[in-house]
>>> print(open('work-v9.pdb').read())   # PDB, C-alpha atoms, pLDDT in the B column
MODEL        1
ATOM      1  CA  GLY A 173      12.659 -63.748 -39.666  1.00 80.00           C
ATOM      2  CA  ASP A 174      11.113 -62.437 -36.450  1.00 92.00           C
ATOM      3  CA  MET A 175       8.691 -65.399 -36.238  1.00 93.00           C
ATOM      4  CA  ARG A 176      11.518 -67.860 -36.833  1.00 96.00           C
ATOM      5  CA  LEU A 177      13.606 -66.245 -34.090  1.00 97.00           C
ATOM      6  CA  ARG A 178      10.762 -66.067 -31.552  1.00 97.00           C
ATOM      7  CA  LEU A 179       9.676 -69.660 -32.205  1.00 97.00           C
ATOM      8  CA  GLY A 180      13.269 -70.899 -32.186  1.00 97.00           C
ATOM      9  CA  LEU A 181      14.063 -69.247 -28.856  1.00 97.00           C
ATOM     10  CA  LEU A 182      10.880 -70.675 -27.334  1.00 97.00           C
ATOM     11  CA  LEU A 183      11.663 -74.173 -28.635  1.00 98.00           C
ATOM     12  CA  ARG A 184      15.203 -73.926 -27.249  1.00 97.00           C
ATOM     13  CA  GLN A 185      13.635 -73.420 -23.804  1.00 97.00           C
ATOM     14  CA  LEU A 186      10.969 -76.133 -24.101  1.00 97.00           C
ATOM     15  CA  LYS A 187      13.143 -78.651 -25.983  1.00 97.00           C
ATOM     16  CA  ASP A 188      11.461 -82.053 -26.483  1.00 96.00           C
ATOM     17  CA  LEU A 189       8.515 -80.907 -24.378  1.00 97.00           C
ATOM     18  CA  TRP A 190       7.317 -78.394 -26.949  1.00 97.00           C
ATOM     19  CA  ARG A 191       4.741 -80.705 -28.565  1.00 96.00           C
ATOM     20  CA  PRO A 192       3.191 -81.814 -25.247  1.00 95.00           C
ATOM     21  CA  CYS A 193       3.083 -78.120 -24.269  1.00 96.00           C
ATOM     22  CA  VAL A 194       1.182 -77.338 -27.473  1.00 96.00           C
ATOM     23  CA  ASP A 195      -1.223 -80.217 -26.769  1.00 93.00           C
ATOM     24  CA  VAL A 196      -1.874 -79.037 -23.194  1.00 94.00           C
ATOM     25  CA  ALA A 197      -2.369 -75.425 -24.290  1.00 95.00           C
ATOM     26  CA  CYS A 198      -4.793 -76.573 -27.000  1.00 92.00           C
ATOM     27  CA  ALA A 199      -6.769 -78.780 -24.598  1.00 89.00           C
ATOM     28  CA  LYS A 200      -6.906 -76.001 -21.988  1.00 91.00           C
ATOM     29  CA  GLU A 201      -8.209 -73.516 -24.532  1.00 91.00           C
ATOM     30  CA  MET A 202     -10.767 -76.031 -25.821  1.00 87.00           C
ATOM     31  CA  ALA A 203     -11.970 -76.770 -22.283  1.00 83.00           C
ATOM     32  CA  ALA A 204     -12.471 -73.053 -21.657  1.00 86.00           C
ATOM     33  CA  THR A 205     -15.043 -72.880 -24.480  1.00 83.00           C
ATOM     34  CA  GLY A 206     -17.561 -74.912 -22.469  1.00 71.00           C
ATOM     35  CA  TYR A 207     -17.648 -77.726 -25.030  1.00 66.00           C
ATOM     36  CA  LYS A 208     -16.255 -80.336 -22.694  1.00 54.00           C
ATOM     37  CA  ALA A 209     -17.342 -83.790 -21.667  1.00 51.00           C
ATOM     38  CA  SER A 210     -17.872 -84.182 -17.955  1.00 45.00           C
ATOM     39  CA  TRP A 211     -17.948 -87.387 -15.926  1.00 42.00           C
ATOM     40  CA  ASP A 212     -20.386 -85.604 -13.647  1.00 45.00           C
ATOM     41  CA  ALA A 213     -22.822 -85.084 -16.530  1.00 52.00           C
ATOM     42  CA  ALA A 214     -22.752 -88.808 -17.261  1.00 46.00           C
ATOM     43  CA  THR A 215     -23.412 -89.576 -13.614  1.00 48.00           C
ATOM     44  CA  ARG A 216     -26.265 -87.052 -13.427  1.00 52.00           C
ATOM     45  CA  ALA A 217     -27.788 -88.590 -16.561  1.00 55.00           C
ATOM     46  CA  GLY A 218     -27.941 -91.882 -14.680  1.00 54.00           C
ATOM     47  CA  ASP A 219     -25.264 -93.598 -16.793  1.00 53.00           C
ATOM     48  CA  PRO A 220     -23.637 -96.121 -14.454  1.00 56.00           C
ATOM     49  CA  SER A 221     -20.889 -97.115 -16.919  1.00 54.00           C
ATOM     50  CA  PRO A 222     -17.313 -95.979 -16.236  1.00 51.00           C
ATOM     51  CA  SER A 223     -16.927 -94.862 -19.849  1.00 56.00           C
ATOM     52  CA  PRO A 224     -18.409 -91.713 -21.387  1.00 51.00           C
ATOM     53  CA  PRO A 225     -21.725 -91.983 -23.224  1.00 50.00           C
ATOM     54  CA  SER A 226     -21.376 -93.078 -26.837  1.00 55.00           C
ATOM     55  CA  GLU A 227     -22.390 -89.653 -28.152  1.00 53.00           C
ATOM     56  CA  TRP A 228     -19.231 -88.220 -26.551  1.00 53.00           C
ATOM     57  CA  ILE A 229     -16.949 -90.537 -28.497  1.00 57.00           C
ATOM     58  CA  VAL A 230     -15.658 -88.641 -31.505  1.00 57.00           C
ATOM     59  CA  SER A 231     -15.897 -90.637 -34.702  1.00 60.00           C
ATOM     60  CA  SER A 232     -13.766 -89.946 -37.751  1.00 62.00           C
ATOM     61  CA  ASP A 233     -16.740 -88.359 -39.553  1.00 63.00           C
ATOM     62  CA  ALA A 234     -17.847 -86.232 -36.588  1.00 64.00           C
ATOM     63  CA  THR A 235     -18.213 -82.508 -37.091  1.00 72.00           C
ATOM     64  CA  LEU A 236     -16.507 -80.539 -34.359  1.00 74.00           C
ATOM     65  CA  PRO A 237     -18.237 -77.441 -33.004  1.00 80.00           C
ATOM     66  CA  ALA A 238     -16.871 -74.313 -34.720  1.00 84.00           C
ATOM     67  CA  PRO A 239     -15.058 -72.925 -31.638  1.00 86.00           C
ATOM     68  CA  ILE A 240     -13.285 -76.261 -31.070  1.00 86.00           C
ATOM     69  CA  LEU A 241     -12.389 -76.587 -34.744  1.00 88.00           C
ATOM     70  CA  ALA A 242     -10.957 -73.040 -34.780  1.00 92.00           C
ATOM     71  CA  ILE A 243      -8.757 -73.810 -31.759  1.00 93.00           C
ATOM     72  CA  ALA A 244      -7.571 -77.129 -33.226  1.00 91.00           C
ATOM     73  CA  THR A 245      -6.767 -75.397 -36.522  1.00 94.00           C
ATOM     74  CA  LYS A 246      -4.766 -72.689 -34.734  1.00 96.00           C
ATOM     75  CA  TYR A 247      -2.585 -75.168 -32.859  1.00 96.00           C
ATOM     76  CA  ASP A 248      -2.193 -77.413 -35.918  1.00 95.00           C
ATOM     77  CA  GLY A 249      -0.982 -74.282 -37.714  1.00 96.00           C
ATOM     78  CA  LEU A 250       1.621 -73.661 -35.026  1.00 96.00           C
ATOM     79  CA  VAL A 251       2.992 -77.207 -35.352  1.00 96.00           C
ATOM     80  CA  ALA A 252       2.992 -76.875 -39.151  1.00 97.00           C
ATOM     81  CA  LYS A 253       4.880 -73.557 -38.883  1.00 96.00           C
ATOM     82  CA  VAL A 254       7.589 -75.145 -36.705  1.00 97.00           C
ATOM     83  CA  ASP A 255       7.904 -77.956 -39.258  1.00 96.00           C
ATOM     84  CA  ALA A 256       7.910 -75.576 -42.248  1.00 96.00           C
ATOM     85  CA  LEU A 257      10.640 -73.445 -40.659  1.00 96.00           C
ATOM     86  CA  GLY A 258      12.741 -76.532 -39.928  1.00 95.00           C
ATOM     87  CA  LEU A 259      12.959 -75.698 -36.232  1.00 97.00           C
ATOM     88  CA  GLU A 260      12.344 -79.193 -34.862  1.00 96.00           C
ATOM     89  CA  GLY A 261      15.435 -80.072 -32.827  1.00 96.00           C
ATOM     90  CA  CYS A 262      16.899 -76.537 -32.982  1.00 97.00           C
ATOM     91  CA  TRP A 263      17.663 -76.893 -29.268  1.00 97.00           C
ATOM     92  CA  ASN A 264      20.309 -79.491 -30.180  1.00 96.00           C
ATOM     93  CA  ALA A 265      22.231 -77.130 -32.473  1.00 95.00           C
ATOM     94  CA  LYS A 266      25.834 -76.659 -31.389  1.00 95.00           C
ATOM     95  CA  PRO A 267      27.393 -73.202 -31.607  1.00 96.00           C
ATOM     96  CA  LEU A 268      29.348 -72.619 -34.809  1.00 97.00           C
ATOM     97  CA  ILE A 269      32.085 -70.999 -32.733  1.00 96.00           C
ATOM     98  CA  ASN A 270      32.895 -72.099 -29.179  1.00 94.00           C
ATOM     99  CA  GLY A 271      33.671 -69.618 -26.406  1.00 92.00           C
ATOM    100  CA  LYS A 272      37.431 -70.148 -26.563  1.00 93.00           C
ATOM    101  CA  ASP A 273      37.527 -69.483 -30.321  1.00 95.00           C
ATOM    102  CA  LEU A 274      35.289 -66.441 -29.870  1.00 94.00           C
ATOM    103  CA  MET A 275      37.743 -65.046 -27.331  1.00 94.00           C
ATOM    104  CA  SER A 276      40.578 -65.560 -29.770  1.00 95.00           C
ATOM    105  CA  GLU A 277      38.830 -64.355 -32.947  1.00 94.00           C
ATOM    106  CA  LEU A 278      37.189 -61.282 -31.380  1.00 94.00           C
ATOM    107  CA  SER A 279      39.954 -60.483 -28.862  1.00 93.00           C
ATOM    108  CA  LEU A 280      37.612 -60.957 -25.931  1.00 92.00           C
ATOM    109  CA  LYS A 281      38.647 -61.329 -22.334  1.00 89.00           C
ATOM    110  CA  LYS A 282      36.805 -63.609 -19.941  1.00 89.00           C
ATOM    111  CA  GLY A 283      33.646 -61.888 -18.792  1.00 90.00           C
ATOM    112  CA  PRO A 284      30.086 -60.981 -19.727  1.00 91.00           C
ATOM    113  CA  GLU A 285      30.918 -60.096 -23.354  1.00 91.00           C
ATOM    114  CA  ILE A 286      31.461 -63.793 -24.115  1.00 93.00           C
ATOM    115  CA  GLY A 287      27.981 -64.636 -22.835  1.00 93.00           C
ATOM    116  CA  THR A 288      26.495 -61.810 -24.864  1.00 94.00           C
ATOM    117  CA  MET A 289      28.314 -62.989 -27.998  1.00 96.00           C
ATOM    118  CA  MET A 290      27.203 -66.606 -27.408  1.00 96.00           C
ATOM    119  CA  ASP A 291      23.572 -65.431 -27.043  1.00 96.00           C
ATOM    120  CA  LEU A 292      23.846 -63.357 -30.224  1.00 97.00           C
ATOM    121  CA  GLN A 293      25.355 -66.364 -31.985  1.00 97.00           C
ATOM    122  CA  VAL A 294      22.334 -68.523 -31.041  1.00 97.00           C
ATOM    123  CA  LYS A 295      20.004 -65.881 -32.481  1.00 97.00           C
ATOM    124  CA  TRP A 296      22.109 -65.525 -35.623  1.00 98.00           C
ATOM    125  CA  GLN A 297      22.114 -69.294 -36.164  1.00 97.00           C
ATOM    126  CA  LEU A 298      18.314 -69.423 -35.795  1.00 97.00           C
ATOM    127  CA  LEU A 299      17.948 -66.653 -38.376  1.00 97.00           C
ATOM    128  CA  ASN A 300      20.636 -68.079 -40.715  1.00 96.00           C
ATOM    129  CA  PRO A 301      20.165 -71.872 -40.670  1.00 94.00           C
ATOM    130  CA  GLY A 302      22.600 -72.420 -43.529  1.00 93.00           C
ATOM    131  CA  GLY A 303      25.139 -69.907 -42.264  1.00 95.00           C
ATOM    132  CA  ASP A 304      28.772 -70.715 -41.587  1.00 96.00           C
ATOM    133  CA  ALA A 305      31.216 -69.746 -38.867  1.00 96.00           C
ATOM    134  CA  ALA A 306      32.958 -67.096 -40.987  1.00 97.00           C
ATOM    135  CA  ALA A 307      29.713 -65.218 -41.705  1.00 97.00           C
ATOM    136  CA  CYS A 308      28.701 -65.508 -38.063  1.00 97.00           C
ATOM    137  CA  LEU A 309      32.055 -64.056 -36.957  1.00 97.00           C
ATOM    138  CA  VAL A 310      31.594 -61.059 -39.262  1.00 96.00           C
ATOM    139  CA  TYR A 311      28.167 -60.459 -37.730  1.00 97.00           C
ATOM    140  CA  LEU A 312      29.407 -60.895 -34.154  1.00 97.00           C
ATOM    141  CA  GLY A 313      32.365 -58.584 -34.784  1.00 95.00           C
ATOM    142  CA  GLY A 314      29.981 -55.879 -35.971  1.00 95.00           C
ATOM    143  CA  GLU A 315      27.716 -56.367 -32.972  1.00 95.00           C
ATOM    144  CA  LEU A 316      30.678 -56.268 -30.594  1.00 93.00           C
ATOM    145  CA  GLY A 317      31.806 -52.987 -32.131  1.00 91.00           C
ATOM    146  CA  ALA A 318      28.307 -51.551 -31.711  1.00 92.00           C
ATOM    147  CA  ILE A 319      28.122 -52.766 -28.083  1.00 89.00           C
ATOM    148  CA  ARG A 320      31.478 -51.183 -27.308  1.00 87.00           C
ATOM    149  CA  GLY A 321      30.321 -47.965 -28.970  1.00 86.00           C
ATOM    150  CA  GLY A 322      32.859 -47.949 -31.745  1.00 63.00           C
ATOM    151  CA  GLY A 323      31.044 -49.570 -34.654  1.00 50.00           C
ATOM    152  CA  THR A 324      27.893 -49.911 -36.673  1.00 49.00           C
TER     153      THR A 324
ENDMDL
END
>>> encode(input="work-v9.pdb", output="structure tokens")
Amino acid sequence: GDMRLRLGLLLRQLKDLWRPCVDVACAKEMAATGYKASWDAATRAGDPSPSPPSEWIVSSDATLPAPILAIATKYDGLVAKVDALGLEGCWNAKPLINGKDLMSELSLKKGPEIGTMMDLQVKWQLLNPGGDAAACLVYLGGELGAIRGGGT
């Protein structure tokens, strides 16, 4: 649950940019290992061509150095986890209960409590992907009681 919530909240911030962010983070980490191709190295080796030397071109049967493979595996695992948890597109999820209905159902007045309840609703929806508005309202009512000091 905690992983789903943390990933979901992060994806809601990054939106469609989450995969490019993963790619950049992966490339940055790989570059930091020292296993990187450098145009300067090609120039120093006396290669006048504008393309990297052929030994730098990764073929489908190439064996990646262990540190690079470990990094690639880690980031592939992150993408697979997002897919397995069904979080792709979670940033497009609409609230089950809009602010006006929350005010009515929970007897809220305009103010910061509505924002708090909307934030809690986002978290609840991430943790309960098949949940419905009625179950969410029960949860939010309990949380509101706890916030106000009179409930669970």
>>> residues_around(input="work-v9.pdb", residues="range 250-264 of chain A", least_positions_apart="2", cutoff="7 Å", atoms="all atoms listed in the file", output="PyMOL selection string")
chain A and resi 176+180+183-184+187+246-248+266
>>> residues_around(input="work-v9.pdb", residues="range 236-244 of chain A", least_positions_apart="4", cutoff="9 Å", atoms="only C-alpha atoms", output="list in words")
Cys198, Ala199, Glu201, Met202, Ala203, Thr205, Tyr207, Val230, Asp248 and Gly249 of chain A
>>> write_last_selection(input="work-v9.pdb", atoms="C-alpha atoms", output="PDB file, keeping the file's coordinate frame")
ATOM      1  CA  CYS A 198      -4.793 -76.573 -27.000  1.00 92.00           C
ATOM      2  CA  ALA A 199      -6.769 -78.780 -24.598  1.00 89.00           C
ATOM      3  CA  GLU A 201      -8.209 -73.516 -24.532  1.00 91.00           C
ATOM      4  CA  MET A 202     -10.767 -76.031 -25.821  1.00 87.00           C
ATOM      5  CA  ALA A 203     -11.970 -76.770 -22.283  1.00 83.00           C
ATOM      6  CA  THR A 205     -15.043 -72.880 -24.480  1.00 83.00           C
ATOM      7  CA  TYR A 207     -17.648 -77.726 -25.030  1.00 66.00           C
ATOM      8  CA  VAL A 230     -15.658 -88.641 -31.505  1.00 57.00           C
ATOM      9  CA  ASP A 248      -2.193 -77.413 -35.918  1.00 95.00           C
ATOM     10  CA  GLY A 249      -0.982 -74.282 -37.714  1.00 96.00           C
TER      11      GLY A 249
END
>>> resolve_selection(input="work-v9.pdb", expression="the PyMOL selection byres ((chain A and resi 287-295) around 10)", output="PyMOL selection string")
chain A and resi 176-178+180-181+184+262-263+265-271+274-275+278+280+282-286+296-300+305+308-309+311-313+315-316+319
>>> atom_distance(input="work-v9.pdb", atom1="CA of Gly303 in chain A", atom2="CA of Ser279 in chain A")
22.1 Å
>>> atom_distance(input="work-v9.pdb", atom1="CA of Gly314 in chain A", atom2="CA of Lys272 in chain A")
18.6 Å
>>> atom_distance(input="work-v9.pdb", atom1="CA of Ala318 in chain A", atom2="CA of Leu182 in chain A")
26.2 Å
>>> axis_aligned_box(input="work-v9.pdb", around="range 309-314 of chain A", padding_each_side="3 Å", output="lines of an AutoDock Vina configuration file")
center_x = 30.3
center_y = -60.0
center_z = -36.7
size_x = 10.2
size_y = 14.2
size_z = 11.1
>>> build_atoms(input="work-v9.pdb", residues="range 282-307 of chain A", atoms="N, CA, C and O atoms", output="PDB file, in the frame of the given file")
ATOM      1  N   LYS A 282      37.858 -62.918 -20.682  1.00 89.00           N
ATOM      2  CA  LYS A 282      36.805 -63.609 -19.941  1.00 89.00           C
ATOM      3  C   LYS A 282      35.900 -62.566 -19.305  1.00 89.00           C
ATOM      4  O   LYS A 282      36.365 -61.565 -18.780  1.00 89.00           O
ATOM      5  N   GLY A 283      34.594 -62.833 -19.377  1.00 90.00           N
ATOM      6  CA  GLY A 283      33.646 -61.888 -18.792  1.00 90.00           C
ATOM      7  C   GLY A 283      32.311 -61.936 -19.501  1.00 90.00           C
ATOM      8  O   GLY A 283      32.064 -62.810 -20.331  1.00 90.00           O
ATOM      9  N   PRO A 284      31.454 -60.968 -19.212  1.00 91.00           N
ATOM     10  CA  PRO A 284      30.086 -60.981 -19.727  1.00 91.00           C
ATOM     11  C   PRO A 284      29.971 -60.841 -21.248  1.00 91.00           C
ATOM     12  O   PRO A 284      28.978 -61.280 -21.829  1.00 91.00           O
ATOM     13  N   GLU A 285      30.985 -60.237 -21.892  1.00 91.00           N
ATOM     14  CA  GLU A 285      30.918 -60.096 -23.354  1.00 91.00           C
ATOM     15  C   GLU A 285      30.839 -61.453 -24.046  1.00 91.00           C
ATOM     16  O   GLU A 285      30.175 -61.583 -25.073  1.00 91.00           O
ATOM     17  N   ILE A 286      31.500 -62.456 -23.503  1.00 93.00           N
ATOM     18  CA  ILE A 286      31.461 -63.793 -24.115  1.00 93.00           C
ATOM     19  C   ILE A 286      30.035 -64.332 -24.089  1.00 93.00           C
ATOM     20  O   ILE A 286      29.532 -64.840 -25.095  1.00 93.00           O
ATOM     21  N   GLY A 287      29.371 -64.191 -22.947  1.00 93.00           N
ATOM     22  CA  GLY A 287      27.981 -64.636 -22.835  1.00 93.00           C
ATOM     23  C   GLY A 287      27.074 -63.914 -23.810  1.00 93.00           C
ATOM     24  O   GLY A 287      26.230 -64.527 -24.462  1.00 93.00           O
ATOM     25  N   THR A 288      27.283 -62.612 -23.923  1.00 94.00           N
ATOM     26  CA  THR A 288      26.495 -61.810 -24.864  1.00 94.00           C
ATOM     27  C   THR A 288      26.731 -62.287 -26.290  1.00 94.00           C
ATOM     28  O   THR A 288      25.785 -62.456 -27.066  1.00 94.00           O
ATOM     29  N   MET A 289      27.990 -62.526 -26.645  1.00 96.00           N
ATOM     30  CA  MET A 289      28.314 -62.989 -27.998  1.00 96.00           C
ATOM     31  C   MET A 289      27.747 -64.393 -28.264  1.00 96.00           C
ATOM     32  O   MET A 289      27.276 -64.677 -29.362  1.00 96.00           O
ATOM     33  N   MET A 290      27.772 -65.261 -27.243  1.00 96.00           N
ATOM     34  CA  MET A 290      27.203 -66.606 -27.408  1.00 96.00           C
ATOM     35  C   MET A 290      25.687 -66.516 -27.624  1.00 96.00           C
ATOM     36  O   MET A 290      25.132 -67.224 -28.466  1.00 96.00           O
ATOM     37  N   ASP A 291      25.016 -65.623 -26.868  1.00 96.00           N
ATOM     38  CA  ASP A 291      23.572 -65.431 -27.043  1.00 96.00           C
ATOM     39  C   ASP A 291      23.261 -64.884 -28.436  1.00 96.00           C
ATOM     40  O   ASP A 291      22.313 -65.328 -29.088  1.00 96.00           O
ATOM     41  N   LEU A 292      24.054 -63.914 -28.880  1.00 97.00           N
ATOM     42  CA  LEU A 292      23.846 -63.357 -30.224  1.00 97.00           C
ATOM     43  C   LEU A 292      24.099 -64.411 -31.292  1.00 97.00           C
ATOM     44  O   LEU A 292      23.425 -64.433 -32.326  1.00 97.00           O
ATOM     45  N   GLN A 293      25.061 -65.301 -31.039  1.00 97.00           N
ATOM     46  CA  GLN A 293      25.355 -66.364 -31.985  1.00 97.00           C
ATOM     47  C   GLN A 293      24.157 -67.320 -32.123  1.00 97.00           C
ATOM     48  O   GLN A 293      23.805 -67.721 -33.231  1.00 97.00           O
ATOM     49  N   VAL A 294      23.527 -67.660 -31.005  1.00 97.00           N
ATOM     50  CA  VAL A 294      22.334 -68.523 -31.041  1.00 97.00           C
ATOM     51  C   VAL A 294      21.265 -67.879 -31.921  1.00 97.00           C
ATOM     52  O   VAL A 294      20.680 -68.528 -32.800  1.00 97.00           O
ATOM     53  N   LYS A 295      21.016 -66.593 -31.700  1.00 97.00           N
ATOM     54  CA  LYS A 295      20.004 -65.881 -32.481  1.00 97.00           C
ATOM     55  C   LYS A 295      20.391 -65.842 -33.957  1.00 97.00           C
ATOM     56  O   LYS A 295      19.545 -66.047 -34.839  1.00 97.00           O
ATOM     57  N   TRP A 296      21.653 -65.583 -34.233  1.00 98.00           N
ATOM     58  CA  TRP A 296      22.109 -65.525 -35.623  1.00 98.00           C
ATOM     59  C   TRP A 296      21.916 -66.883 -36.301  1.00 98.00           C
ATOM     60  O   TRP A 296      21.466 -66.959 -37.436  1.00 98.00           O
ATOM     61  N   GLN A 297      22.260 -67.954 -35.596  1.00 97.00           N
ATOM     62  CA  GLN A 297      22.114 -69.294 -36.164  1.00 97.00           C
ATOM     63  C   GLN A 297      20.645 -69.620 -36.435  1.00 97.00           C
ATOM     64  O   GLN A 297      20.327 -70.260 -37.443  1.00 97.00           O
ATOM     65  N   LEU A 298      19.745 -69.183 -35.556  1.00 97.00           N
ATOM     66  CA  LEU A 298      18.314 -69.423 -35.795  1.00 97.00           C
ATOM     67  C   LEU A 298      17.843 -68.670 -37.042  1.00 97.00           C
ATOM     68  O   LEU A 298      17.037 -69.188 -37.814  1.00 97.00           O
ATOM     69  N   LEU A 299      18.360 -67.469 -37.227  1.00 97.00           N
ATOM     70  CA  LEU A 299      17.948 -66.653 -38.376  1.00 97.00           C
ATOM     71  C   LEU A 299      18.674 -67.025 -39.671  1.00 97.00           C
ATOM     72  O   LEU A 299      18.227 -66.675 -40.757  1.00 97.00           O
ATOM     73  N   ASN A 300      19.812 -67.719 -39.551  1.00 96.00           N
ATOM     74  CA  ASN A 300      20.636 -68.079 -40.715  1.00 96.00           C
ATOM     75  C   ASN A 300      20.966 -69.572 -40.655  1.00 96.00           C
ATOM     76  O   ASN A 300      22.123 -69.941 -40.422  1.00 96.00           O
ATOM     77  N   PRO A 301      19.949 -70.437 -40.868  1.00 94.00           N
ATOM     78  CA  PRO A 301      20.165 -71.872 -40.670  1.00 94.00           C
ATOM     79  C   PRO A 301      21.258 -72.483 -41.544  1.00 94.00           C
ATOM     80  O   PRO A 301      21.859 -73.474 -41.163  1.00 94.00           O
ATOM     81  N   GLY A 302      21.546 -71.894 -42.665  1.00 93.00           N
ATOM     82  CA  GLY A 302      22.600 -72.420 -43.529  1.00 93.00           C
ATOM     83  C   GLY A 302      23.911 -71.673 -43.383  1.00 93.00           C
ATOM     84  O   GLY A 302      24.864 -71.914 -44.125  1.00 93.00           O
ATOM     85  N   GLY A 303      23.964 -70.763 -42.415  1.00 95.00           N
ATOM     86  CA  GLY A 303      25.139 -69.907 -42.264  1.00 95.00           C
ATOM     87  C   GLY A 303      26.357 -70.653 -41.760  1.00 95.00           C
ATOM     88  O   GLY A 303      26.254 -71.710 -41.153  1.00 95.00           O
ATOM     89  N   ASP A 304      27.526 -70.080 -42.031  1.00 96.00           N
ATOM     90  CA  ASP A 304      28.772 -70.715 -41.587  1.00 96.00           C
ATOM     91  C   ASP A 304      29.466 -69.852 -40.544  1.00 96.00           C
ATOM     92  O   ASP A 304      29.069 -68.715 -40.271  1.00 96.00           O
ATOM     93  N   ALA A 305      30.502 -70.412 -39.954  1.00 96.00           N
ATOM     94  CA  ALA A 305      31.216 -69.746 -38.867  1.00 96.00           C
ATOM     95  C   ALA A 305      31.807 -68.410 -39.302  1.00 96.00           C
ATOM     96  O   ALA A 305      31.783 -67.434 -38.539  1.00 96.00           O
ATOM     97  N   ALA A 306      32.326 -68.341 -40.520  1.00 97.00           N
ATOM     98  CA  ALA A 306      32.958 -67.096 -40.987  1.00 97.00           C
ATOM     99  C   ALA A 306      31.930 -65.959 -41.052  1.00 97.00           C
ATOM    100  O   ALA A 306      32.197 -64.837 -40.590  1.00 97.00           O
ATOM    101  N   ALA A 307      30.759 -66.243 -41.606  1.00 97.00           N
ATOM    102  CA  ALA A 307      29.713 -65.218 -41.705  1.00 97.00           C
ATOM    103  C   ALA A 307      29.228 -64.819 -40.313  1.00 97.00           C
ATOM    104  O   ALA A 307      28.969 -63.642 -40.043  1.00 97.00           O
TER     105      ALA A 307
END
